[in-house]
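*Asks:* First the structure, then my questions, so here it is.
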Amino acid sequence: MATVLPIRRPSTHHRAGPTPTDAVLVRAAQQGHEWAQEELFQRHAHAIDRLACLLTGASSEAEDLVQDVFVQALVSIRRLREPNAFPNWLRGIALRTAVRRLRRRRLLRRLGLAGEAPVDLDNMVSPTASPEIVWELRRIYRQIQEFPVDVKVAFLLRKVEALTITEIAEQTGVSQGAVKRRLKKAELLLSEHQTLGGHP
């Protein structure tokens with residue numbers, strides 16, 4: 001992915017020595033060190049890109065989303081009180097940003113102002129995902145696209161990302177009860193589709 005943040009490349013004299021932890025980089029970034037911002041981007045951009053592609057279904061849209069996520073993160077990084085929590089904090093920003101975009105895209109489609117984005121399944125699933133997960137996602141992804149946005153996000157985080165109920169709740173900013181209701185709704189929608197003889 002050829003995504004480049006609008007910040008300068010790091011100075012080489014800052015990079016000598018052992019590889020810094022995320023916490024060290026976050027503290028440096030909070031102090032305004034651009035080399036640390038760049039290192040955080042290089043370290044986490046791929047994971048956020050894959051998550052964005054999973055949620056949006058389109059690698060072209062995911063690249064723009066990644067840029068947006070990191071700009072938001074770097075603007076607000078001084079408010080991050082637990083530097084070790086950076087990966088989950090960043091994923092939370094990505095999830096909220098993706099949800100906003102998905103809702104906007106759905107509204108534009110309903111108004112006839114946007115068409116269907118091409119689905120790029122090959123970039124959506126981790127290379128370590130089991131063949132069963134990949135096959136199942138291919139089978140039902142068209143159905144998932146029609147889910148309510150919050151239901152779709154919860155379902156993909158649970159079934160593809162294998163997050164726990166607690167992790168989904170923390171990263172999406174809702175209660176565990178809300179996550180459980182969304183997952184139950186997803187299973188119900190899939191069951192209804194199969195009962196009606198739907199095809200992927």
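Naming works like this for the structure tokens: A, B, ... for the chains as they're shown, residue 1 at the start of each chain, ligands 1 onward in shown order.
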What's the 6 Å shell around Ala62 (chain A), counting only C-alpha atoms, without same-chain residues fewer than 2 positions away, as an MDAnalysis selection string?
*Replies:* chainID A and resid 52:53 59:60 64:65
*Asks:* Just N, CA, C and O atoms for this one: save the residues we selected as a PDB file, in the first residue's frame.
*Replies:*
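What follows is the written file part-v7.pdb:
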```pdb
ATOM      1  N   ALA A  52      -9.881  -1.606   7.496  1.00  0.00           N
ATOM      2  CA  ALA A  52     -10.702  -0.701   6.681  1.00  0.00           C
ATOM      3  C   ALA A  52     -11.243  -1.413   5.450  1.00  0.00           C
ATOM      4  O   ALA A  52     -12.401  -1.230   5.070  1.00  0.00           O
ATOM      5  N   CYS A  53     -10.418  -2.245   4.844  1.00  0.00           N
ATOM      6  CA  CYS A  53     -10.846  -2.987   3.665  1.00  0.00           C
ATOM      7  C   CYS A  53     -11.921  -4.003   4.033  1.00  0.00           C
ATOM      8  O   CYS A  53     -12.889  -4.205   3.293  1.00  0.00           O
ATOM      9  N   SER A  59     -10.706  -1.843  -1.501  1.00  0.00           N
ATOM     10  CA  SER A  59      -9.353  -1.397  -1.163  1.00  0.00           C
ATOM     11  C   SER A  59      -9.132   0.061  -1.528  1.00  0.00           C
ATOM     12  O   SER A  59      -8.378   0.774  -0.864  1.00  0.00           O
ATOM     13  N   SER A  60      -9.788   0.552  -2.592  1.00  0.00           N
ATOM     14  CA  SER A  60      -9.620   1.946  -2.986  1.00  0.00           C
ATOM     15  C   SER A  60     -10.177   2.884  -1.922  1.00  0.00           C
ATOM     16  O   SER A  60      -9.583   3.919  -1.613  1.00  0.00           O
ATOM     17  N   ASP A  64      -8.033   5.645   1.470  1.00  0.00           N
ATOM     18  CA  ASP A  64      -8.412   6.992   1.903  1.00  0.00           C
ATOM     19  C   ASP A  64      -8.798   6.996   3.373  1.00  0.00           C
ATOM     20  O   ASP A  64      -8.485   7.931   4.117  1.00  0.00           O
ATOM     21  N   LEU A  65      -9.456   5.940   3.812  1.00  0.00           N
ATOM     22  CA  LEU A  65      -9.868   5.834   5.207  1.00  0.00           C
ATOM     23  C   LEU A  65      -8.649   5.758   6.118  1.00  0.00           C
ATOM     24  O   LEU A  65      -8.634   6.373   7.197  1.00  0.00           O
TER      25      LEU A  65
END
```
*Asks:* Please list as a PyMOL selection string every residue within 12 Å of Arg100 (chain A), counting only C-alpha atoms and excluding residues in the same chain fewer than 3 positions away.
*Replies:* chain A and resi 55-56+65+68-69+93-97+103-107+149-150+153
*Asks:* A:Phe155, A:Leu74, A:Gly57, A:His193: which is nearest Glu34 (chain A), counting only C-alpha atoms?
*Replies:*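 So, comparing all the options, the nearest one is A:Leu74.
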*Asks:* If you count only C-alpha atoms, which residues fall within 12 Å of Ile144 (chain A), apart from same-chain ones fewer than 6 positions away, as a tab-separated table (two decimals) with N, CA, C and O atoms, in the first residue's frame?
*Replies:*
```
chain	number	residue	atom	x	y	z
A	54	LEU	N	-11.77	-4.63	5.18
A	54	LEU	CA	-12.77	-5.58	5.65
A	54	LEU	C	-14.13	-4.91	5.83
A	54	LEU	O	-15.16	-5.44	5.41
A	55	LEU	N	-14.14	-3.73	6.42
A	55	LEU	CA	-15.39	-3.06	6.74
A	55	LEU	C	-16.02	-2.39	5.52
A	55	LEU	O	-17.24	-2.39	5.37
A	56	THR	N	-15.20	-1.82	4.65
A	56	THR	CA	-15.75	-1.12	3.49
A	56	THR	C	-15.93	-2.03	2.28
A	56	THR	O	-16.75	-1.75	1.41
A	57	GLY	N	-15.12	-3.10	2.22
A	57	GLY	CA	-15.22	-4.01	1.09
A	57	GLY	C	-14.47	-3.56	-0.14
A	57	GLY	O	-14.50	-4.22	-1.18
A	119	VAL	N	-16.29	-4.94	-4.56
A	119	VAL	CA	-15.82	-5.67	-3.38
A	119	VAL	C	-14.48	-6.34	-3.68
A	119	VAL	O	-14.31	-7.00	-4.70
A	136	GLU	N	-16.49	-18.99	3.96
A	136	GLU	CA	-17.75	-18.51	4.52
A	136	GLU	C	-17.97	-17.04	4.20
A	136	GLU	O	-19.09	-16.62	3.88
A	137	LEU	N	-16.91	-16.24	4.27
A	137	LEU	CA	-17.05	-14.82	3.97
A	137	LEU	C	-17.42	-14.62	2.50
A	137	LEU	O	-18.28	-13.79	2.18
A	138	ARG	N	-16.80	-15.36	1.63
A	138	ARG	CA	-17.17	-15.26	0.21
A	138	ARG	C	-18.63	-15.64	0.00
A	138	ARG	O	-19.33	-15.05	-0.83
A	150	ASP	N	-24.15	-0.97	12.02
A	150	ASP	CA	-23.64	-1.41	13.33
A	150	ASP	C	-23.64	-2.94	13.45
A	150	ASP	O	-22.74	-3.53	14.06
A	151	VAL	N	-24.65	-3.57	12.86
A	151	VAL	CA	-24.74	-5.03	12.88
A	151	VAL	C	-23.63	-5.64	12.04
A	151	VAL	O	-22.98	-6.62	12.44
A	152	LYS	N	-23.41	-5.07	10.87
A	152	LYS	CA	-22.35	-5.56	9.98
A	152	LYS	C	-20.98	-5.48	10.65
A	152	LYS	O	-20.20	-6.44	10.61
A	153	VAL	N	-20.70	-4.35	11.28
A	153	VAL	CA	-19.39	-4.16	11.92
A	153	VAL	C	-19.20	-5.16	13.05
A	153	VAL	O	-18.15	-5.81	13.14
A	154	ALA	N	-20.19	-5.32	13.91
A	154	ALA	CA	-20.08	-6.27	15.01
A	154	ALA	C	-19.87	-7.69	14.49
A	154	ALA	O	-19.04	-8.45	15.02
A	155	PHE	N	-20.62	-8.07	13.46
A	155	PHE	CA	-20.52	-9.41	12.90
A	155	PHE	C	-19.12	-9.68	12.34
A	155	PHE	O	-18.53	-10.73	12.60
A	156	LEU	N	-18.58	-8.74	11.56
A	156	LEU	CA	-17.26	-8.94	10.96
A	156	LEU	C	-16.16	-8.97	12.02
A	156	LEU	O	-15.22	-9.76	11.91
A	159	LYS	N	-16.68	-12.57	13.71
A	159	LYS	CA	-16.48	-13.76	12.89
A	159	LYS	C	-15.16	-13.77	12.13
A	159	LYS	O	-14.58	-14.84	11.92
A	183	LEU	N	-25.06	-8.99	17.28
A	183	LEU	CA	-24.66	-10.30	16.77
A	183	LEU	C	-25.87	-11.22	16.60
A	183	LEU	O	-25.96	-11.97	15.62
A	185	LYS	N	-28.88	-10.18	15.97
A	185	LYS	CA	-29.58	-9.66	14.79
A	185	LYS	C	-28.93	-10.16	13.51
A	185	LYS	O	-29.63	-10.52	12.54
A	186	ALA	N	-27.60	-10.19	13.48
A	186	ALA	CA	-26.90	-10.68	12.29
A	186	ALA	C	-27.23	-12.14	12.02
A	186	ALA	O	-27.50	-12.52	10.86
A	187	GLU	N	-27.22	-12.96	13.06
A	187	GLU	CA	-27.54	-14.37	12.88
A	187	GLU	C	-28.99	-14.54	12.41
A	187	GLU	O	-29.29	-15.39	11.57
A	188	LEU	N	-29.88	-13.70	12.92
A	188	LEU	CA	-31.28	-13.76	12.52
A	188	LEU	C	-31.44	-13.38	11.04
A	188	LEU	O	-32.18	-14.04	10.30
A	189	LEU	N	-30.74	-12.34	10.62
A	189	LEU	CA	-30.82	-11.92	9.22
A	189	LEU	C	-30.28	-12.99	8.28
A	189	LEU	O	-30.86	-13.24	7.22
A	190	LEU	N	-29.18	-13.61	8.67
A	190	LEU	CA	-28.63	-14.69	7.86
A	190	LEU	C	-29.59	-15.87	7.78
A	190	LEU	O	-29.80	-16.47	6.72
A	191	SER	N	-30.20	-16.20	8.92
A	191	SER	CA	-31.15	-17.31	8.97
A	191	SER	C	-32.37	-17.02	8.10
A	191	SER	O	-32.85	-17.89	7.36
A	193	HIS	N	-32.48	-15.08	5.49
A	193	HIS	CA	-32.06	-15.13	4.09
A	193	HIS	C	-32.03	-16.57	3.59
A	193	HIS	O	-32.49	-16.87	2.49
A	200	PRO	N	-25.87	-16.32	-2.20
A	200	PRO	CA	-24.81	-15.31	-2.05
A	200	PRO	C	-24.44	-14.70	-3.39
A	200	PRO	O	-24.70	-15.28	-4.41
```
*Asks:* Could you check how far CA of Gln176 (chain A) sits from CA of Val99 (chain A), in Å to one decimal?
*Replies:*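 About the pair CA of Gln176 (chain A) and CA of Val99 (chain A): they are 18.0 Å apart.
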*Asks:* Could you name the residues that touch Gln37 (chain A) at 9 Å or less, counting only C-alpha atoms, but leaving out those on the same chain fewer than 3 positions away, as a PyMOL selection string?
*Replies:* chain A and resi 7+10+25-26+28-30+32-34+40-42+74
